[in-house]
file work_13.pdb (PDB, C-alpha atoms, pLDDT in the B column)
MODEL        1
ATOM      1  CA  MET A   1      17.497   4.742   1.646  1.00 83.00           C
ATOM      2  CA  GLY A   2      19.319   3.192  -1.270  1.00 87.00           C
ATOM      3  CA  GLU A   3      20.819   0.008  -2.639  1.00 88.00           C
ATOM      4  CA  PHE A   4      24.594  -0.228  -2.710  1.00 92.00           C
ATOM      5  CA  ARG A   5      25.771  -0.119  -6.331  1.00 93.00           C
ATOM      6  CA  GLY A   6      29.527   0.092  -5.923  1.00 94.00           C
ATOM      7  CA  GLU A   7      32.482   2.131  -4.745  1.00 95.00           C
ATOM      8  CA  TRP A   8      34.379   4.829  -6.584  1.00 92.00           C
ATOM      9  CA  ALA A   9      37.166   7.041  -5.241  1.00 94.00           C
ATOM     10  CA  GLY A  10      36.318   6.156  -1.650  1.00 94.00           C
ATOM     11  CA  LEU A  11      32.620   6.977  -2.037  1.00 97.00           C
ATOM     12  CA  TRP A  12      29.712   4.554  -2.175  1.00 96.00           C
ATOM     13  CA  SER A  13      27.191   4.776  -4.966  1.00 96.00           C
ATOM     14  CA  LEU A  14      23.572   4.211  -3.914  1.00 94.00           C
ATOM     15  CA  ARG A  15      20.322   4.026  -5.870  1.00 91.00           C
ATOM     16  CA  PRO A  16      16.719   4.254  -4.643  1.00 86.00           C
ATOM     17  CA  ALA A  17      15.049   0.846  -4.225  1.00 76.00           C
ATOM     18  CA  THR A  18      12.376   1.784  -6.776  1.00 72.00           C
ATOM     19  CA  GLY A  19      14.949   2.891  -9.344  1.00 76.00           C
ATOM     20  CA  GLY A  20      16.095   6.364 -10.230  1.00 82.00           C
ATOM     21  CA  THR A  21      19.170   8.520 -10.051  1.00 91.00           C
ATOM     22  CA  GLU A  22      22.162   7.213  -8.142  1.00 94.00           C
ATOM     23  CA  TRP A  23      23.944   9.341  -5.564  1.00 94.00           C
ATOM     24  CA  THR A  24      27.198   9.061  -3.660  1.00 96.00           C
ATOM     25  CA  VAL A  25      27.811   8.978   0.068  1.00 96.00           C
ATOM     26  CA  ARG A  26      30.846   8.637   2.285  1.00 96.00           C
ATOM     27  CA  PRO A  27      30.914   5.167   3.901  1.00 96.00           C
ATOM     28  CA  GLU A  28      31.047   6.680   7.408  1.00 96.00           C
ATOM     29  CA  ASP A  29      27.775   8.531   6.709  1.00 95.00           C
ATOM     30  CA  ALA A  30      25.894   5.351   5.703  1.00 94.00           C
ATOM     31  CA  ARG A  31      24.243   2.730   7.874  1.00 93.00           C
ATOM     32  CA  SER A  32      22.370  -0.508   7.345  1.00 91.00           C
ATOM     33  CA  ALA A  33      18.618  -0.310   6.990  1.00 90.00           C
ATOM     34  CA  THR A  34      16.432  -1.471   9.849  1.00 94.00           C
ATOM     35  CA  PRO A  35      14.090  -4.442   9.232  1.00 94.00           C
ATOM     36  CA  GLU A  36      11.157  -1.985   9.022  1.00 96.00           C
ATOM     37  CA  GLU A  37      12.982   0.145   6.432  1.00 92.00           C
ATOM     38  CA  ARG A  38      13.798  -2.944   4.381  1.00 91.00           C
ATOM     39  CA  LEU A  39      10.163  -4.044   4.415  1.00 94.00           C
ATOM     40  CA  ARG A  40       9.006  -0.575   3.326  1.00 92.00           C
ATOM     41  CA  ALA A  41      11.544  -0.549   0.497  1.00 88.00           C
ATOM     42  CA  LEU A  42      10.541  -4.019  -0.708  1.00 89.00           C
ATOM     43  CA  THR A  43       6.878  -3.033  -0.628  1.00 91.00           C
ATOM     44  CA  ALA A  44       7.589   0.189  -2.520  1.00 87.00           C
ATOM     45  CA  ARG A  45       9.564  -1.769  -5.131  1.00 85.00           C
ATOM     46  CA  ALA A  46       6.772  -4.332  -5.568  1.00 89.00           C
ATOM     47  CA  ASN A  47       4.186  -1.556  -5.931  1.00 90.00           C
ATOM     48  CA  ALA A  48       6.318   0.321  -8.453  1.00 85.00           C
ATOM     49  CA  ARG A  49       6.850  -2.861 -10.481  1.00 86.00           C
ATOM     50  CA  SER A  50       3.112  -3.569 -10.512  1.00 90.00           C
ATOM     51  CA  ARG A  51       2.564  -0.085 -11.967  1.00 89.00           C
ATOM     52  CA  GLY A  52       5.297  -0.649 -14.569  1.00 86.00           C
ATOM     53  CA  GLU A  53       7.551   2.021 -13.041  1.00 81.00           C
ATOM     54  CA  TYR A  54      10.460  -0.127 -11.834  1.00 65.00           C
ATOM     55  CA  LEU A  55      13.329  -0.652 -14.266  1.00 57.00           C
TER
ENDMDL
END
call {"tool": "encode", "arguments": {"input": "work_13.pdb", "output": "structure tokens"}}
result
Amino acid sequence: MGEFRGEWAGLWSLRPATGGTEWTVRPEDARSATPEERLRALTARANARSRGEYL
């Protein structure tokens, strides 16, 4: 799961919710996160920030 960062040459750039290396994906291969996935990502981000890992 990743955050949408932008589009380039018809590909979407995504980045992990807790930071890290971006990757590209074709738009037809992506989908919206479920509410459960969003909650997990927000929790992971909050935990990473509390440990000083989130940029």
call {"tool": "closest_residue", "arguments": {"input": "work_13.pdb", "among": "A:Leu14, A:Glu7, A:Glu22, A:Gly2", "to": "Arg40 (chain A)", "atoms": "only C-alpha atoms"}}
result
A:Gly2
call {"tool": "atom_distance", "arguments": {"input": "work_13.pdb", "atom1": "CA of Gly6 (chain A)", "atom2": "CA of Arg26 (chain A)"}}
result
11.9 Å
call {"tool": "resolve_selection", "arguments": {"input": "work_13.pdb", "expression": "the PyMOL selection byres ((chain A and resi 11) around 10)", "output": "list in words"}}
result
Gly6, Glu7, Trp8, Ala9, Gly10, Trp12, Ser13, Leu14, Trp23, Thr24, Val25, Arg26, Pro27 and Glu28 of chain A
call {"tool": "closest_residue", "arguments": {"input": "work_13.pdb", "among": "A:Gly19, A:Ala30, A:Pro35, A:Ala41", "to": "Glu53 (chain A)", "atoms": "only C-alpha atoms"}}
result
A:Gly19
call {"tool": "axis_aligned_box", "arguments": {"input": "work_13.pdb", "around": "region 7-21 of chain A", "padding_each_side": "4 Å", "output": "lines of an AutoDock Vina configuration file"}}
result
center_x = 24.8
center_y = 4.7
center_z = -5.9
size_x = 32.8
size_y = 15.7
size_z = 16.6
call {"tool": "residues_around", "arguments": {"input": "work_13.pdb", "residues": "Glu3 (chain A)", "least_positions_apart": "5", "cutoff": "7 Å", "atoms": "all atoms listed in the file", "output": "PyMOL selection string"}}
result
chain A and resi 14-17
call {"tool": "atom_distance", "arguments": {"input": "work_13.pdb", "atom1": "CA of Arg49 (chain A)", "atom2": "CA of Ala33 (chain A)"}}
result
21.2 Å
call {"tool": "atom_distance", "arguments": {"input": "work_13.pdb", "atom1": "CA of Ser50 (chain A)", "atom2": "CA of Arg38 (chain A)"}}
result
18.3 Å
call {"tool": "decode", "arguments": {"input": "work_13.pdb", "residues": "region 24-35 of chain A", "atoms": "all heavy atoms", "output": "PDB file, in the first residue's frame"}}
result
ATOM      1  N   THR A  24       6.690   2.778  -8.933  1.00  0.00           N
ATOM      2  CA  THR A  24       5.689   3.137  -9.935  1.00  0.00           C
ATOM      3  C   THR A  24       4.763   1.958 -10.195  1.00  0.00           C
ATOM      4  O   THR A  24       5.142   0.798 -10.023  1.00  0.00           O
ATOM      5  CB  THR A  24       6.346   3.565 -11.263  1.00  0.00           C
ATOM      6  OG1 THR A  24       7.179   2.525 -11.732  1.00  0.00           O
ATOM      7  CG2 THR A  24       7.139   4.849 -11.085  1.00  0.00           C
ATOM      8  N   VAL A  25       3.550   2.300 -10.604  1.00  0.00           N
ATOM      9  CA  VAL A  25       2.532   1.295 -10.896  1.00  0.00           C
ATOM     10  C   VAL A  25       1.649   1.830 -12.016  1.00  0.00           C
ATOM     11  O   VAL A  25       1.456   3.035 -12.143  1.00  0.00           O
ATOM     12  CB  VAL A  25       1.700   0.978  -9.633  1.00  0.00           C
ATOM     13  CG1 VAL A  25       0.912   2.179  -9.165  1.00  0.00           C
ATOM     14  CG2 VAL A  25       0.781  -0.200  -9.853  1.00  0.00           C
ATOM     15  N   ARG A  26       1.155   0.932 -12.830  1.00  0.00           N
ATOM     16  CA  ARG A  26       0.190   1.341 -13.854  1.00  0.00           C
ATOM     17  C   ARG A  26      -1.135   1.638 -13.153  1.00  0.00           C
ATOM     18  O   ARG A  26      -1.527   0.900 -12.235  1.00  0.00           O
ATOM     19  CB  ARG A  26       0.000   0.236 -14.883  1.00  0.00           C
ATOM     20  CG  ARG A  26       1.260  -0.049 -15.689  1.00  0.00           C
ATOM     21  CD  ARG A  26       1.040  -1.104 -16.719  1.00  0.00           C
ATOM     22  NE  ARG A  26       0.335  -2.250 -16.130  1.00  0.00           N
ATOM     23  CZ  ARG A  26       0.282  -3.447 -16.668  1.00  0.00           C
ATOM     24  NH1 ARG A  26       0.862  -3.687 -17.804  1.00  0.00           N
ATOM     25  NH2 ARG A  26      -0.376  -4.425 -16.076  1.00  0.00           N
ATOM     26  N   PRO A  27      -1.842   2.686 -13.555  1.00  0.00           N
ATOM     27  CA  PRO A  27      -3.106   3.040 -12.899  1.00  0.00           C
ATOM     28  C   PRO A  27      -4.113   1.891 -12.869  1.00  0.00           C
ATOM     29  O   PRO A  27      -4.819   1.723 -11.874  1.00  0.00           O
ATOM     30  CB  PRO A  27      -3.635   4.205 -13.730  1.00  0.00           C
ATOM     31  CG  PRO A  27      -2.421   4.814 -14.337  1.00  0.00           C
ATOM     32  CD  PRO A  27      -1.474   3.669 -14.578  1.00  0.00           C
ATOM     33  N   GLU A  28      -4.154   1.064 -13.919  1.00  0.00           N
ATOM     34  CA  GLU A  28      -5.122  -0.036 -13.939  1.00  0.00           C
ATOM     35  C   GLU A  28      -4.764  -1.151 -12.954  1.00  0.00           C
ATOM     36  O   GLU A  28      -5.610  -1.997 -12.644  1.00  0.00           O
ATOM     37  CB  GLU A  28      -5.276  -0.613 -15.354  1.00  0.00           C
ATOM     38  CG  GLU A  28      -4.012  -1.175 -15.952  1.00  0.00           C
ATOM     39  CD  GLU A  28      -3.185  -0.168 -16.746  1.00  0.00           C
ATOM     40  OE1 GLU A  28      -3.382   1.045 -16.612  1.00  0.00           O
ATOM     41  OE2 GLU A  28      -2.327  -0.627 -17.519  1.00  0.00           O
ATOM     42  N   ASP A  29      -3.545  -1.150 -12.438  1.00  0.00           N
ATOM     43  CA  ASP A  29      -3.134  -2.153 -11.453  1.00  0.00           C
ATOM     44  C   ASP A  29      -3.286  -1.658 -10.011  1.00  0.00           C
ATOM     45  O   ASP A  29      -2.960  -2.384  -9.076  1.00  0.00           O
ATOM     46  CB  ASP A  29      -1.681  -2.569 -11.691  1.00  0.00           C
ATOM     47  CG  ASP A  29      -1.507  -3.323 -12.998  1.00  0.00           C
ATOM     48  OD1 ASP A  29      -2.488  -3.953 -13.446  1.00  0.00           O
ATOM     49  OD2 ASP A  29      -0.407  -3.272 -13.565  1.00  0.00           O
ATOM     50  N   ALA A  30      -3.741  -0.431  -9.825  1.00  0.00           N
ATOM     51  CA  ALA A  30      -3.907   0.144  -8.488  1.00  0.00           C
ATOM     52  C   ALA A  30      -5.384   0.144  -8.097  1.00  0.00           C
ATOM     53  O   ALA A  30      -6.268   0.077  -8.950  1.00  0.00           O
ATOM     54  CB  ALA A  30      -3.361   1.565  -8.470  1.00  0.00           C
ATOM     55  N   ARG A  31      -5.615   0.200  -6.805  1.00  0.00           N
ATOM     56  CA  ARG A  31      -6.980   0.300  -6.288  1.00  0.00           C
ATOM     57  C   ARG A  31      -6.945   1.132  -5.017  1.00  0.00           C
ATOM     58  O   ARG A  31      -5.892   1.328  -4.406  1.00  0.00           O
ATOM     59  CB  ARG A  31      -7.562  -1.080  -5.989  1.00  0.00           C
ATOM     60  CG  ARG A  31      -6.836  -1.814  -4.883  1.00  0.00           C
ATOM     61  CD  ARG A  31      -7.572  -3.088  -4.482  1.00  0.00           C
ATOM     62  NE  ARG A  31      -6.844  -3.842  -3.484  1.00  0.00           N
ATOM     63  CZ  ARG A  31      -6.819  -3.581  -2.183  1.00  0.00           C
ATOM     64  NH1 ARG A  31      -7.475  -2.552  -1.698  1.00  0.00           N
ATOM     65  NH2 ARG A  31      -6.131  -4.336  -1.351  1.00  0.00           N
ATOM     66  N   SER A  32      -8.084   1.620  -4.609  1.00  0.00           N
ATOM     67  CA  SER A  32      -8.176   2.372  -3.364  1.00  0.00           C
ATOM     68  C   SER A  32      -8.053   1.423  -2.186  1.00  0.00           C
ATOM     69  O   SER A  32      -8.472   0.261  -2.255  1.00  0.00           O
ATOM     70  CB  SER A  32      -9.523   3.100  -3.276  1.00  0.00           C
ATOM     71  OG  SER A  32      -9.621   4.068  -4.280  1.00  0.00           O
ATOM     72  N   ALA A  33      -7.492   1.924  -1.118  1.00  0.00           N
ATOM     73  CA  ALA A  33      -7.352   1.129   0.103  1.00  0.00           C
ATOM     74  C   ALA A  33      -8.708   0.965   0.776  1.00  0.00           C
ATOM     75  O   ALA A  33      -9.564   1.850   0.704  1.00  0.00           O
ATOM     76  CB  ALA A  33      -6.386   1.809   1.056  1.00  0.00           C
ATOM     77  N   THR A  34      -8.879  -0.160   1.440  1.00  0.00           N
ATOM     78  CA  THR A  34     -10.097  -0.382   2.220  1.00  0.00           C
ATOM     79  C   THR A  34      -9.984   0.436   3.515  1.00  0.00           C
ATOM     80  O   THR A  34      -8.886   0.863   3.894  1.00  0.00           O
ATOM     81  CB  THR A  34     -10.266  -1.865   2.581  1.00  0.00           C
ATOM     82  OG1 THR A  34      -9.193  -2.242   3.470  1.00  0.00           O
ATOM     83  CG2 THR A  34     -10.267  -2.750   1.352  1.00  0.00           C
ATOM     84  N   PRO A  35     -11.098   0.663   4.208  1.00  0.00           N
ATOM     85  CA  PRO A  35     -11.017   1.378   5.498  1.00  0.00           C
ATOM     86  C   PRO A  35     -10.058   0.692   6.479  1.00  0.00           C
ATOM     87  O   PRO A  35      -9.314   1.375   7.198  1.00  0.00           O
ATOM     88  CB  PRO A  35     -12.452   1.351   6.012  1.00  0.00           C
ATOM     89  CG  PRO A  35     -13.281   1.281   4.767  1.00  0.00           C
ATOM     90  CD  PRO A  35     -12.486   0.420   3.821  1.00  0.00           C
TER      91      PRO A  35
END
